[in-house]
file data.txt (compact mmCIF, C-alpha atoms)
# COMPACT_ATOMS: atom_id res chain seq x y z
CA MET A 1401 0.00 0.00 0.00
CA ASN A 1402 1.19 3.52 -0.71
CA ILE A 1403 0.07 6.78 0.83
CA THR A 1404 -2.03 7.81 -2.20
CA LYS A 1405 -4.12 4.69 -1.78
CA PHE A 1406 -4.33 5.28 1.97
CA ILE A 1407 -5.61 8.82 1.43
CA LEU A 1408 -8.21 7.53 -0.99
CA VAL A 1409 -9.49 5.12 1.66
CA LEU A 1410 -9.74 7.94 4.22
CA GLU A 1411 -11.50 10.29 1.82
CA THR A 1412 -14.06 7.64 0.87
CA GLU A 1413 -14.88 7.21 4.54
CA PHE A 1414 -15.28 10.95 5.20
CA GLU A 1415 -18.12 11.64 2.82
CA GLU A 1416 -18.17 15.35 3.58
CA LEU A 1417 -14.57 15.81 2.41
CA GLU A 1418 -14.02 16.95 -1.16
CA PRO A 1419 -11.77 14.42 -2.95
CA GLY A 1420 -8.25 15.86 -3.07
CA THR A 1421 -8.57 17.72 0.24
CA LEU A 1422 -6.23 15.38 2.09
CA LYS A 1423 -2.51 15.62 1.40
CA PRO A 1424 0.26 13.69 3.17
CA ASP A 1425 1.11 16.79 5.22
CA THR A 1426 -2.51 17.74 6.02
CA ASN A 1427 -2.98 18.32 9.75
CA PHE A 1428 -6.21 16.60 10.82
CA ARG A 1429 -7.05 19.32 13.28
CA ASP A 1430 -6.90 21.97 10.58
CA LEU A 1431 -9.82 20.40 8.72
CA ASP A 1432 -13.04 22.36 9.24
CA GLU A 1433 -14.97 19.18 9.73
CA TRP A 1434 -12.59 17.56 12.21
CA SER A 1435 -14.27 16.31 15.39
CA SER A 1436 -13.89 13.53 17.94
CA MET A 1437 -16.31 11.50 15.81
CA HIS A 1438 -13.67 11.40 13.08
CA ALA A 1439 -11.21 9.88 15.53
CA LEU A 1440 -13.68 7.03 16.08
CA ILE A 1441 -14.20 6.65 12.36
CA ILE A 1442 -10.43 6.49 11.71
CA ILE A 1443 -9.91 3.91 14.46
CA ALA A 1444 -12.76 1.74 13.12
CA LEU A 1445 -11.62 2.08 9.52
CA ILE A 1446 -8.00 1.17 10.20
CA ASP A 1447 -9.04 -1.73 12.40
CA THR A 1448 -11.44 -3.14 9.81
CA ASP A 1449 -9.41 -2.50 6.65
CA PHE A 1450 -5.86 -3.02 7.89
CA ASN A 1451 -6.33 -5.03 11.10
CA VAL A 1452 -4.25 -2.46 12.96
CA SER A 1453 -5.14 -0.96 16.35
CA ILE A 1454 -4.82 2.80 16.74
CA THR A 1455 -5.45 4.28 20.17
CA GLY A 1456 -6.78 7.67 21.18
CA GLU A 1457 -3.28 8.37 22.49
CA ASP A 1458 -1.74 7.58 19.08
CA LEU A 1459 -4.07 10.09 17.49
CA SER A 1460 -3.28 12.79 20.02
CA ASN A 1461 0.44 12.25 19.44
CA ILE A 1462 0.27 12.76 15.69
CA GLU A 1463 -0.84 15.60 13.48
CA THR A 1464 -0.62 14.65 9.84
CA VAL A 1465 -1.95 12.07 7.44
CA SER A 1466 1.55 10.78 6.67
CA GLN A 1467 2.26 10.22 10.38
CA LEU A 1468 -0.89 8.13 10.60
CA PHE A 1469 0.14 6.22 7.47
CA ASP A 1470 3.56 5.50 9.01
CA ILE A 1471 1.95 4.02 12.16
CA VAL A 1472 -0.30 1.78 10.06
CA ILE A 1473 2.58 0.54 7.89
CA GLU A 1474 4.76 -0.07 10.97
CA ARG A 1475 2.05 -2.09 12.70
CA MET A 1476 1.12 -4.08 9.62
CA LYS A 1477 4.60 -5.63 9.59
CA MET B 1286 -11.91 -18.84 33.72
CA ALA B 1287 -15.55 -17.85 34.03
CA PHE B 1288 -16.83 -20.05 31.22
CA PHE B 1289 -19.72 -22.35 32.11
CA SER B 1290 -23.12 -23.74 31.12
CA VAL B 1291 -26.27 -23.73 33.23
CA GLN B 1292 -28.77 -26.54 32.79
CA ASN B 1293 -32.52 -26.77 33.44
CA ILE B 1294 -33.43 -23.11 33.01
CA SER B 1295 -35.82 -21.76 30.37
CA ILE B 1296 -36.53 -18.14 29.56
CA ARG B 1297 -40.34 -17.89 29.47
CA GLY B 1298 -40.81 -14.23 28.71
CA ILE B 1299 -39.20 -10.84 28.17
CA SER B 1300 -40.86 -7.44 28.56
CA ALA B 1301 -39.63 -3.86 28.35
CA ALA B 1302 -40.85 -0.44 29.44
CA VAL B 1303 -39.62 2.97 28.29
CA PRO B 1304 -40.57 6.56 29.14
CA SER B 1305 -43.05 7.99 26.61
CA LYS B 1306 -41.01 11.19 26.19
CA ILE B 1307 -38.98 11.06 22.98
CA GLU B 1308 -35.87 13.19 22.50
CA ALA B 1309 -34.50 13.41 18.98
CA ASN B 1310 -30.81 14.13 18.47
CA ILE B 1311 -31.59 16.40 15.54
CA ASP B 1312 -33.02 18.77 18.19
CA TYR B 1313 -29.93 18.62 20.43
CA GLU B 1314 -29.03 22.26 20.93
CA TYR B 1315 -25.31 21.92 21.68
CA LEU B 1316 -24.23 20.75 18.22
CA SER B 1317 -24.23 22.39 14.78
CA GLU B 1318 -26.39 20.88 12.03
CA LYS B 1319 -23.33 19.30 10.45
CA GLU B 1320 -22.16 17.84 13.77
CA LYS B 1321 -25.62 16.47 14.50
CA LYS B 1322 -25.73 14.67 11.16
CA LEU B 1323 -22.30 13.14 11.73
CA LEU B 1324 -23.22 12.16 15.28
CA ILE B 1325 -26.42 10.43 14.16
CA LYS B 1326 -24.66 8.66 11.30
CA THR B 1327 -21.76 7.49 13.46
CA THR B 1328 -23.55 6.53 16.67
CA GLY B 1329 -26.80 5.47 14.99
CA VAL B 1330 -28.84 7.20 17.70
CA GLU B 1331 -31.67 9.14 16.05
CA GLN B 1332 -33.78 9.40 19.16
CA LYS B 1333 -34.02 8.05 22.65
CA ARG B 1334 -36.42 8.02 25.56
CA ARG B 1335 -35.95 10.24 28.55
CA ALA B 1336 -37.49 9.63 31.96
CA PRO B 1337 -39.13 12.71 33.49
CA GLU B 1338 -37.93 13.91 36.91
CA GLY B 1339 -39.05 11.41 39.53
CA MET B 1340 -39.33 8.37 37.25
CA THR B 1341 -36.81 5.72 38.24
CA THR B 1342 -35.45 2.57 36.65
CA SER B 1343 -37.46 0.55 39.17
CA ASP B 1344 -40.68 2.30 38.03
CA LEU B 1345 -39.98 1.11 34.47
CA CYS B 1346 -39.14 -2.42 35.64
CA PHE B 1347 -42.20 -2.49 37.91
CA LYS B 1348 -44.57 -1.84 34.98
CA ALA B 1349 -42.73 -4.27 32.73
CA ALA B 1350 -42.93 -6.93 35.48
CA GLN B 1351 -46.65 -6.44 36.09
CA LYS B 1352 -47.37 -6.84 32.39
CA LEU B 1353 -45.14 -9.88 31.97
CA LEU B 1354 -46.57 -11.69 35.02
CA PHE B 1355 -50.09 -10.99 33.79
CA ASP B 1356 -49.37 -12.30 30.29
CA LEU B 1357 -47.56 -15.36 31.65
CA LYS B 1358 -50.41 -15.96 34.12
CA TRP B 1359 -47.82 -16.22 36.88
CA ASN B 1360 -49.01 -15.43 40.37
CA PRO B 1361 -46.76 -13.00 42.32
CA SER B 1362 -46.81 -15.48 45.22
CA GLU B 1363 -44.87 -17.99 43.06
CA ILE B 1364 -41.78 -15.80 42.55
CA GLU B 1365 -38.84 -17.13 44.52
CA ALA B 1366 -36.03 -14.84 43.37
CA LEU B 1367 -35.65 -11.34 41.98
CA ILE B 1368 -32.44 -9.70 40.81
CA PHE B 1369 -32.29 -6.04 39.80
CA VAL B 1370 -29.31 -5.21 37.57
CA SER B 1371 -28.75 -1.49 37.36
CA GLN B 1372 -26.44 1.42 38.03
CA SER B 1373 -29.34 3.75 38.79
CA SER B 1374 -30.90 2.47 41.99
CA ASP B 1375 -33.70 4.16 43.92
CA TYR B 1376 -31.52 4.87 46.94
CA TYR B 1377 -27.90 4.59 48.06
CA LEU B 1378 -29.40 1.90 50.28
CA PRO B 1379 -31.42 -0.35 50.63
CA ALA B 1380 -31.18 -2.43 47.47
CA THR B 1381 -33.89 -1.63 44.93
CA ALA B 1382 -34.76 -5.31 44.35
CA ILE B 1383 -36.09 -5.51 47.91
CA ILE B 1384 -38.38 -2.53 47.38
CA LEU B 1385 -39.63 -4.16 44.17
CA GLN B 1386 -40.33 -7.42 46.05
CA ASP B 1387 -42.82 -5.58 48.22
CA ARG B 1388 -44.23 -3.40 45.44
CA LEU B 1389 -44.92 -6.45 43.28
CA ASN B 1390 -46.39 -8.44 46.21
CA PHE B 1391 -43.79 -11.16 45.98
CA PRO B 1392 -43.65 -13.34 49.11
CA LYS B 1393 -41.20 -12.66 51.91
CA SER B 1394 -39.60 -16.00 51.04
CA CYS B 1395 -38.41 -14.45 47.75
CA MET B 1396 -34.68 -13.71 47.65
CA ALA B 1397 -33.95 -10.25 46.27
CA PHE B 1398 -30.77 -8.31 45.64
CA ASP B 1399 -29.10 -5.88 43.24
CA ILE B 1400 -26.18 -6.29 40.88
CA GLY B 1401 -24.33 -3.07 40.03
CA LEU B 1402 -23.35 -3.53 36.41
CA GLY B 1403 -24.17 -1.73 33.18
CA CYS B 1404 -23.67 -2.78 29.58
CA SER B 1405 -22.55 -6.33 30.47
CA GLY B 1406 -25.12 -6.60 33.25
CA TYR B 1407 -27.90 -8.46 31.47
CA ILE B 1408 -25.70 -11.46 30.71
CA TYR B 1409 -24.05 -11.33 34.15
CA GLY B 1410 -27.51 -11.18 35.77
CA LEU B 1411 -28.75 -14.12 33.70
CA SER B 1412 -25.72 -16.17 34.70
CA VAL B 1413 -26.18 -15.47 38.42
CA LEU B 1414 -29.93 -16.00 38.50
CA SER B 1415 -29.99 -19.14 36.35
CA SER B 1416 -27.14 -20.66 38.41
CA ILE B 1417 -28.90 -20.00 41.71
CA MET B 1418 -32.20 -21.35 40.38
CA ASN B 1419 -30.60 -24.53 39.09
CA THR B 1420 -28.56 -25.10 42.25
CA ALA B 1421 -31.35 -24.31 44.69
CA GLY B 1422 -34.18 -25.74 42.61
CA LEU B 1423 -36.15 -22.48 42.47
CA SER B 1424 -38.96 -22.73 39.93
CA LYS B 1425 -39.79 -19.15 39.02
CA ALA B 1426 -37.71 -15.98 39.14
CA LEU B 1427 -37.41 -12.55 37.51
CA LEU B 1428 -34.35 -10.74 36.22
CA MET B 1429 -34.82 -6.98 35.95
CA ALA B 1430 -32.27 -4.97 34.02
CA GLY B 1431 -32.27 -1.32 33.09
CA ASP B 1432 -31.06 2.18 33.67
CA VAL B 1433 -32.21 5.76 33.69
CA SER B 1434 -28.91 7.13 32.42
CA THR B 1435 -30.22 10.51 31.30
CA ALA B 1436 -30.48 11.56 34.96
CA THR B 1437 -26.72 11.39 35.42
CA CYS B 1438 -25.55 12.71 32.03
CA SER B 1439 -24.85 16.42 31.71
CA ARG B 1440 -27.01 17.87 28.96
CA GLU B 1441 -24.05 20.03 27.91
CA ASP B 1442 -21.83 16.99 27.36
CA LYS B 1443 -21.95 16.03 23.70
CA SER B 1444 -19.92 12.87 24.42
CA THR B 1445 -22.64 11.33 26.63
CA TYR B 1446 -25.99 13.12 26.47
CA PRO B 1447 -26.95 12.28 22.86
CA LEU B 1448 -25.98 8.62 23.31
CA PHE B 1449 -27.92 7.35 26.29
CA GLY B 1450 -31.59 6.50 26.64
CA ASP B 1451 -33.72 5.12 29.47
CA ALA B 1452 -35.39 1.71 29.68
CA GLY B 1453 -36.31 -1.07 32.09
CA THR B 1454 -36.72 -4.74 31.20
CA VAL B 1455 -37.87 -7.94 32.84
CA THR B 1456 -36.94 -11.52 31.95
CA ALA B 1457 -38.90 -14.43 33.41
CA LEU B 1458 -36.94 -17.62 34.12
CA GLU B 1459 -38.34 -21.03 34.97
CA LEU B 1460 -36.88 -24.33 36.09
CA ASN B 1461 -37.41 -26.83 33.29
CA LYS B 1462 -35.74 -30.24 33.11
CA LYS B 1463 -36.01 -30.19 29.31
CA ALA B 1464 -34.35 -26.80 28.85
CA LYS B 1465 -31.36 -26.46 26.57
CA PRO B 1466 -28.23 -25.26 28.39
CA ILE B 1467 -27.38 -21.57 28.57
CA THR B 1468 -23.66 -21.02 28.12
CA PHE B 1469 -21.78 -18.04 29.53
CA SER B 1470 -18.37 -16.47 29.28
CA LEU B 1471 -17.72 -13.54 31.62
CA TYR B 1472 -14.83 -11.08 31.79
CA SER B 1473 -13.58 -8.07 33.78
CA ASP B 1474 -10.76 -5.55 33.48
CA GLY B 1475 -10.70 -3.04 36.30
CA SER B 1476 -7.62 -1.31 34.89
CA GLY B 1477 -10.11 0.48 32.65
CA HIS B 1478 -12.47 1.56 35.43
CA LYS B 1479 -11.98 5.23 34.65
CA ALA B 1480 -13.12 4.90 31.04
CA ILE B 1481 -16.81 5.13 32.02
CA MET B 1482 -17.50 6.49 35.47
CA ILE B 1483 -19.36 8.84 37.76
CA PRO B 1484 -16.37 10.02 39.81
CA HIS B 1485 -18.19 11.54 42.78
CA GLY B 1486 -20.90 10.29 45.11
CA GLY B 1487 -19.33 7.05 46.37
CA LEU B 1488 -16.93 6.73 49.28
CA ARG B 1489 -13.76 7.36 47.21
CA ASN B 1490 -14.94 10.89 46.44
CA LYS B 1491 -17.89 11.69 48.67
CA ALA B 1492 -20.56 14.00 47.33
CA SER B 1493 -19.80 17.59 48.25
CA LYS B 1494 -20.63 21.04 46.95
CA ASN B 1495 -17.94 20.89 44.29
CA SER B 1496 -19.34 17.59 42.98
CA PHE B 1497 -22.02 19.68 41.28
CA GLU B 1498 -19.78 22.40 39.87
CA LYS B 1499 -19.86 22.24 36.10
CA LYS B 1500 -16.52 22.54 34.29
CA GLU B 1501 -15.59 22.69 30.63
CA VAL B 1502 -13.52 19.53 30.17
CA SER B 1503 -13.00 20.22 26.48
CA LYS B 1504 -14.94 21.90 23.67
CA GLY B 1505 -18.57 20.74 23.85
CA ILE B 1506 -18.03 18.78 27.04
CA VAL B 1507 -19.30 20.58 30.13
CA ARG B 1508 -20.02 18.45 33.15
CA ALA B 1509 -19.66 18.07 36.92
CA ASP B 1510 -17.97 15.22 38.78
CA PHE B 1511 -21.40 13.95 39.74
CA ASN B 1512 -22.16 13.39 36.04
CA LEU B 1513 -21.30 10.40 33.93
CA ALA B 1514 -17.91 10.78 32.23
CA LEU B 1515 -17.09 8.71 29.18
CA ASN B 1516 -13.77 8.31 27.41
CA GLY B 1517 -15.21 7.39 24.03
CA LEU B 1518 -11.93 6.50 22.33
CA ASP B 1519 -10.76 4.19 25.12
CA VAL B 1520 -14.10 2.42 25.27
CA PHE B 1521 -14.14 2.12 21.49
CA ASN B 1522 -10.67 0.56 21.40
CA PHE B 1523 -11.46 -1.79 24.26
CA SER B 1524 -14.69 -2.96 22.61
CA ILE B 1525 -13.37 -3.62 19.13
CA LYS B 1526 -10.40 -5.52 20.58
CA GLU B 1527 -11.79 -7.55 23.49
CA VAL B 1528 -15.30 -8.34 22.27
CA PRO B 1529 -14.34 -10.04 18.98
CA ALA B 1530 -11.61 -11.97 20.85
CA ALA B 1531 -14.12 -13.13 23.48
CA LEU B 1532 -16.60 -14.13 20.78
CA LYS B 1533 -14.02 -16.11 18.83
CA ASP B 1534 -12.95 -17.91 21.99
CA PHE B 1535 -16.59 -18.65 22.87
CA MET B 1536 -17.29 -20.12 19.44
CA GLU B 1537 -14.19 -22.31 19.64
CA LYS B 1538 -14.97 -23.58 23.13
CA THR B 1539 -18.62 -24.32 22.36
CA LYS B 1540 -17.75 -25.64 18.88
CA GLN B 1541 -20.41 -23.42 17.35
CA LYS B 1542 -20.44 -21.51 14.08
CA ASN B 1543 -22.12 -18.28 13.07
CA GLU B 1544 -24.72 -20.27 11.09
CA ASP B 1545 -25.81 -22.05 14.28
CA PHE B 1546 -27.44 -18.84 15.46
CA ASN B 1547 -30.57 -17.21 14.13
CA TYR B 1548 -29.51 -13.91 15.67
CA PHE B 1549 -26.51 -12.21 17.21
CA VAL B 1550 -27.81 -9.59 19.65
CA MET B 1551 -25.26 -7.04 20.80
CA HIS B 1552 -25.43 -4.46 23.54
CA GLN B 1553 -26.43 -1.30 21.66
CA ALA B 1554 -23.34 0.79 22.35
CA ASN B 1555 -22.92 2.82 19.19
CA LYS B 1556 -23.52 1.83 15.60
CA LEU B 1557 -19.96 2.28 14.33
CA MET B 1558 -18.56 0.26 17.23
CA ASN B 1559 -21.13 -2.51 16.85
CA GLU B 1560 -20.68 -2.68 13.09
CA THR B 1561 -16.90 -2.90 13.52
CA ILE B 1562 -17.40 -5.84 15.89
CA ARG B 1563 -19.93 -7.45 13.54
CA LYS B 1564 -17.53 -7.24 10.59
CA LYS B 1565 -14.65 -8.63 12.63
CA VAL B 1566 -16.64 -11.68 13.71
CA LYS B 1567 -18.22 -11.96 10.23
CA PHE B 1568 -21.91 -12.09 11.10
CA GLU B 1569 -24.35 -11.27 8.31
CA THR B 1570 -26.28 -7.99 8.65
CA GLU B 1571 -29.57 -9.94 8.67
CA GLN B 1572 -28.44 -11.77 11.81
CA VAL B 1573 -27.76 -8.61 13.78
CA PRO B 1574 -30.77 -6.56 14.93
CA TYR B 1575 -30.43 -2.93 16.04
CA SER B 1576 -32.73 -0.85 18.22
CA ILE B 1577 -30.19 1.92 18.83
CA SER B 1578 -31.75 4.34 16.32
CA LYS B 1579 -34.96 4.38 18.38
CA TYR B 1580 -33.76 3.99 21.96
CA GLY B 1581 -30.06 4.90 22.06
CA ASN B 1582 -27.68 3.11 24.41
CA THR B 1583 -29.85 1.82 27.25
CA SER B 1584 -27.08 0.16 29.28
CA SER B 1585 -28.12 -3.20 30.78
CA ALA B 1586 -31.56 -2.98 29.12
CA SER B 1587 -30.21 -2.92 25.58
CA ILE B 1588 -30.11 -6.66 24.83
CA PRO B 1589 -33.62 -7.56 26.09
CA LEU B 1590 -34.99 -4.27 24.69
CA THR B 1591 -33.58 -5.12 21.26
CA ILE B 1592 -35.18 -8.58 21.42
CA VAL B 1593 -38.60 -7.11 22.31
CA SER B 1594 -38.30 -4.24 19.83
CA GLU B 1595 -36.80 -6.06 16.84
CA LEU B 1596 -37.45 -9.81 17.27
CA GLN B 1597 -40.84 -9.89 18.96
CA ASN B 1598 -42.63 -11.88 16.24
CA GLN B 1599 -39.79 -14.35 15.88
CA VAL B 1600 -39.40 -15.16 19.58
CA LYS B 1601 -43.16 -15.46 20.11
CA ASN B 1602 -43.78 -17.89 17.29
CA LYS B 1603 -40.84 -20.26 17.03
CA GLU B 1604 -37.69 -21.48 18.66
CA ILE B 1605 -34.70 -19.31 17.90
CA SER B 1606 -31.09 -19.53 18.97
CA ILE B 1607 -29.32 -16.37 20.04
CA LEU B 1608 -25.72 -15.41 20.62
CA MET B 1609 -25.44 -12.30 22.75
CA THR B 1610 -22.73 -9.99 24.00
CA GLY B 1611 -22.65 -7.05 26.41
CA PHE B 1612 -19.60 -4.83 26.99
CA GLY B 1613 -18.72 -1.54 28.62
CA VAL B 1614 -18.57 0.07 32.05
CA GLY B 1615 -16.26 -1.72 34.47
CA LEU B 1616 -14.67 -2.55 32.18
CA SER B 1617 -16.80 -5.65 32.01
CA TRP B 1618 -17.90 -7.85 29.14
CA ALA B 1619 -19.81 -11.06 28.62
CA VAL B 1620 -20.96 -13.52 25.98
CA ALA B 1621 -23.87 -15.98 26.17
CA SER B 1622 -25.71 -18.39 23.93
CA LEU B 1623 -29.26 -19.53 24.59
CA SER B 1624 -32.47 -20.44 22.88
CA LEU B 1625 -35.84 -18.73 23.15
CA ASP B 1626 -38.72 -21.07 22.44
CA LYS B 1627 -42.08 -19.34 21.82
CA ILE B 1628 -41.69 -16.98 24.72
CA THR B 1629 -44.18 -14.44 26.03
CA CYS B 1630 -43.13 -11.06 24.70
CA PRO B 1631 -45.61 -8.20 25.10
CA GLU B 1632 -45.43 -4.90 23.21
CA ILE B 1633 -43.06 -2.32 24.69
CA ILE B 1634 -44.85 -0.45 27.46
CA GLU B 1635 -44.70 3.36 27.47
CA LEU B 1636 -44.83 5.21 30.75

call {"tool": "encode", "arguments": {"input": "data.txt", "output": "C-alpha cells"}}
result
Amino acid sequence: MNITKFILVLETEFEELEPGTLKPDTNFRDLDEWSSMHALIIIALIDTDFNVSITGEDLSNIETVSQLFDIVIERMK
Amino acid sequence: MAFFSVQNISIRGISAAVPSKIEANIDYEYLSEKEKKLLIKTTGVEQKRRAPEGMTTSDLCFKAAQKLLFDLKWNPSEIEALIFVSQSSDYYLPATAIILQDRLNFPKSCMAFDIGLGCSGYIYGLSVLSSIMNTAGLSKALLMAGDVSTATCSREDKSTYPLFGDAGTVTALELNKKAKPITFSLYSDGSGHKAIMIPHGGLRNKASKNSFEKKEVSKGIVRADFNLALNGLDVFNFSIKEVPAALKDFMEKTKQKNEDFNYFVMHQANKLMNETIRKKVKFETEQVPYSISKYGNTSSASIPLTIVSELQNQVKNKEISILMTGFGVGLSWAVASLSLDKITCPEIIEL
C-alpha cells in the first residue's frame, strides 16, 4: 500500500470531504470538519481495513496524514 | 476462567418499558447541524427516551414486570427470586430489588438483591440467577435490568448526552428439566475503570458542593464530577479488541459456528462500534438486529430491549437460537448463547 491509496481510503470514509482535500502533510485538526467522531471513524476504519489498532493516544500524538500512514505501515509488519 | 453452562433453566418471557417522552438528536441544541448529522450517522442514535424527573429505573421495571406476570399468568406469590441489575438504583441503600419485592407483592420467602453492572449486566444477571435457580431448585424468578442514564448525564456533554436512553426490562426464568443449556463467558478488566465512570458520590470521592460544579472539560463537554464521564476513544478501542476476541474464543470452546445462530444480539453501544465488531466476527447484517436508532444506548436494558423491539414476532412464534454480548462500564464484558422457544413477549410499554 502507498500513501495515495491510503488517502483515498480515508476520503471515501469521510463523505463530507471533497476528494483531493487530504494531502500527506494535512494536519487533521486543521480540517473544518474535524471532530472527535472522526477519531472514532479512523480507528474503526484502520481496524477493519488493515487489522491495525490505533489508540486515542496515538491520534493525540500525531498531526498529519503521513504520520498516521507511518503508524499503520509499521504495525502491519 | 468464568466459562460455564447452566442446565434446566428456560426463559419464558421478556418485557420492556420505556418513558413515553422522545428526544431526537436532531433537536440537540449543543451541536451544529453538520455535527448532528455526523453524530447520528456514526452513533446510529436518532432518538431516545428520557425519563421525566421522579421516574426511576425501578418504576420502568415495575410496569414491565406487572405486564409480563399478567401475560404469563404467573401469580406473584410464586416468585422465589428477583435480581435487579442497574447502576441507577432508587436509593444509596437499601437495594432496589427488595423494594420491588414488596411493590410487586412477591412473598417474603423471595430472595432479592441488586447487581451493580451496566452494559454487560444483562448477561451477568442471567448467569447469576440461572445458576442459583438450578442449584437451589427455584422454579420461578425474575431478572430486571435497566437504567435511567439521562439523569446522570450532563445535557451540555456532547460525548454522553446524545448517546444514552432510558429503559427497564424484565426476563422471566423457569426451572425446566427439558431446557437447553445456557452457556456463559464472563470477563472483567478493572484497569479500565476510569473509562466510564461517575467520579463523585461514592466513598472514594464523597458528594460535596464541588461535585455539582460544572466545568468545561474540552470543547462541547461541560459536566460536573457527579455526572457520567465517558472516554469514548478508550471504550471504542477496548470494545473492538476484546469483544471479537471473546466471541471467537466462545465459538471455539462451544464448537459453534455463526450459522448455528438465528440472531446475534449485541449491547447497543454505538452503531460504528457494533458494526466494527460485527464485521470482525463476520456475522451477516440480517443476523444482527439494532434498536439503537430508536432507543439509544440503554445500558443493561439494551439486549432484552432489542429482542422485544426487533425480534418480537420471531421469539413469540418459534424457537430461535441467540448469541449475545454485552460490553462496557467496568470494564466488564460477557458472551452468552441460549435459545428462546415461543416466549411471552408483550409490546413495549410506554410510561

call {"tool": "interface_residues", "arguments": {"input": "data.txt", "of": "chain B", "to": "chain A", "cutoff": "8 Å", "atoms": "all atoms listed in the file", "output": "number ranges by chain"}}
result
B: 1323-1324, 1327, 1518-1519, 1521-1522, 1557-1558, 1561, 1564-1565

call {"tool": "residues_around", "arguments": {"input": "data.txt", "residues": "stretch 1362-1377 of chain B", "least_positions_apart": "4", "cutoff": "7 Å", "atoms": "all atoms listed in the file", "output": "MDAnalysis selection string"}}
result
chainID B and resid 1341:1342 1381:1382 1391:1392 1394:1403 1406 1410 1423 1425:1433 1585

call {"tool": "residues_around", "arguments": {"input": "data.txt", "residues": "B:Leu1616", "least_positions_apart": "2", "cutoff": "6 Å", "atoms": "all atoms listed in the file", "output": "list in words"}}
result
Ser1473, Asp1474, Gly1475, Gly1477, His1478, Gly1613 and Val1614 of chain B

call {"tool": "atom_distance", "arguments": {"input": "data.txt", "atom1": "atom CA of B:Gln1553", "atom2": "atom CA of B:Met1482"}}
result
18.2 Å

call {"tool": "residues_near_point", "arguments": {"input": "data.txt", "point": "(-28.2, 12.2, 21.4)", "cutoff": "7 Å", "atoms": "all atoms listed in the file", "output": "mmCIF file with C-alpha atoms, in the frame of the given file"}}
result
data_model
loop_
_atom_site.group_PDB
_atom_site.id
_atom_site.type_symbol
_atom_site.label_atom_id
_atom_site.label_comp_id
_atom_site.auth_asym_id
_atom_site.auth_seq_id
_atom_site.Cartn_x
_atom_site.Cartn_y
_atom_site.Cartn_z
ATOM 1 C CA ALA B 1309 -34.500 13.410 18.980
ATOM 2 C CA ASN B 1310 -30.810 14.130 18.470
ATOM 3 C CA TYR B 1313 -29.930 18.620 20.430
ATOM 4 C CA VAL B 1330 -28.840 7.200 17.700
ATOM 5 C CA GLN B 1332 -33.780 9.400 19.160
ATOM 6 C CA TYR B 1446 -25.990 13.120 26.470
ATOM 7 C CA PRO B 1447 -26.950 12.280 22.860
ATOM 8 C CA LEU B 1448 -25.980 8.620 23.310
ATOM 9 C CA PHE B 1449 -27.920 7.350 26.290
#

call {"tool": "closest_residue", "arguments": {"input": "data.txt", "among": "B:Ile1634, B:Cys1404, B:Val1593, B:Ala1421", "to": "B:Ala1554", "atoms": "all atoms listed in the file"}}
result
B:Cys1404

call {"tool": "residues_around", "arguments": {"input": "data.txt", "residues": "B:Tyr1315", "least_positions_apart": "3", "cutoff": "10 Å", "atoms": "all atoms listed in the file", "output": "CSV table (one decimal) with C-alpha atoms, in the frame of the given file"}}
result
chain,number,residue,atom,x,y,z
B,1312,ASP,CA,-33.0,18.8,18.2
B,1318,GLU,CA,-26.4,20.9,12.0
B,1320,GLU,CA,-22.2,17.8,13.8
B,1321,LYS,CA,-25.6,16.5,14.5
B,1440,ARG,CA,-27.0,17.9,29.0
B,1441,GLU,CA,-24.0,20.0,27.9
B,1442,ASP,CA,-21.8,17.0,27.4
B,1443,LYS,CA,-22.0,16.0,23.7
B,1447,PRO,CA,-27.0,12.3,22.9
B,1505,GLY,CA,-18.6,20.7,23.8
B,1506,ILE,CA,-18.0,18.8,27.0

call {"tool": "residues_near_point", "arguments": {"input": "data.txt", "point": "(-10.0, -9.8, 16.8)", "cutoff": "10 Å", "atoms": "only C-alpha atoms", "output": "number ranges by chain"}}
result
A: 1447-1448, 1451; B: 1525-1533, 1562, 1565-1566

call {"tool": "write_last_selection", "arguments": {"input": "data.txt", "atoms": "C-alpha atoms", "output": "PDB file, in the frame of the given file"}}
result
ATOM      1  CA  ASP A1447      -9.040  -1.730  12.400  1.00  0.00           C
ATOM      2  CA  THR A1448     -11.440  -3.140   9.810  1.00  0.00           C
ATOM      3  CA  ASN A1451      -6.330  -5.030  11.100  1.00  0.00           C
TER       4      ASN A1451
ATOM      5  CA  ILE B1525     -13.370  -3.620  19.130  1.00  0.00           C
ATOM      6  CA  LYS B1526     -10.400  -5.520  20.580  1.00  0.00           C
ATOM      7  CA  GLU B1527     -11.790  -7.550  23.490  1.00  0.00           C
ATOM      8  CA  VAL B1528     -15.300  -8.340  22.270  1.00  0.00           C
ATOM      9  CA  PRO B1529     -14.340 -10.040  18.980  1.00  0.00           C
ATOM     10  CA  ALA B1530     -11.610 -11.970  20.850  1.00  0.00           C
ATOM     11  CA  ALA B1531     -14.120 -13.130  23.480  1.00  0.00           C
ATOM     12  CA  LEU B1532     -16.600 -14.130  20.780  1.00  0.00           C
ATOM     13  CA  LYS B1533     -14.020 -16.110  18.830  1.00  0.00           C
ATOM     14  CA  ILE B1562     -17.400  -5.840  15.890  1.00  0.00           C
ATOM     15  CA  LYS B1565     -14.650  -8.630  12.630  1.00  0.00           C
ATOM     16  CA  VAL B1566     -16.640 -11.680  13.710  1.00  0.00           C
TER      17      VAL B1566
END

call {"tool": "residues_around", "arguments": {"input": "data.txt", "residues": "A:Met1401", "least_positions_apart": "2", "cutoff": "12 Å", "atoms": "all atoms listed in the file", "output": "list in words"}}
result
Ile1403, Thr1404, Lys1405, Phe1406, Ile1407, Leu1408, Val1409, Asp1449, Phe1450, Phe1469, Asp1470, Val1472, Ile1473, Glu1474 and Met1476 of chain A

call {"tool": "residues_around", "arguments": {"input": "data.txt", "residues": "A:Val1465", "least_positions_apart": "6", "cutoff": "9 Å", "atoms": "only C-alpha atoms", "output": "PyMOL selection string"}}
result
chain A and resi 1403+1407+1422-1428

call {"tool": "axis_aligned_box", "arguments": {"input": "data.txt", "around": "stretch 1391-1401 of chain B", "padding_each_side": "3 Å", "output": "JSON"}}
result
{"center_x": -34.1, "center_y": -9.5, "center_z": 46.0, "size_x": 25.5, "size_y": 18.9, "size_z": 17.9}

call {"tool": "atom_distance", "arguments": {"input": "data.txt", "atom1": "atom CA of A:Thr1412", "atom2": "atom CA of B:Lys1333"}}
result
29.5 Å
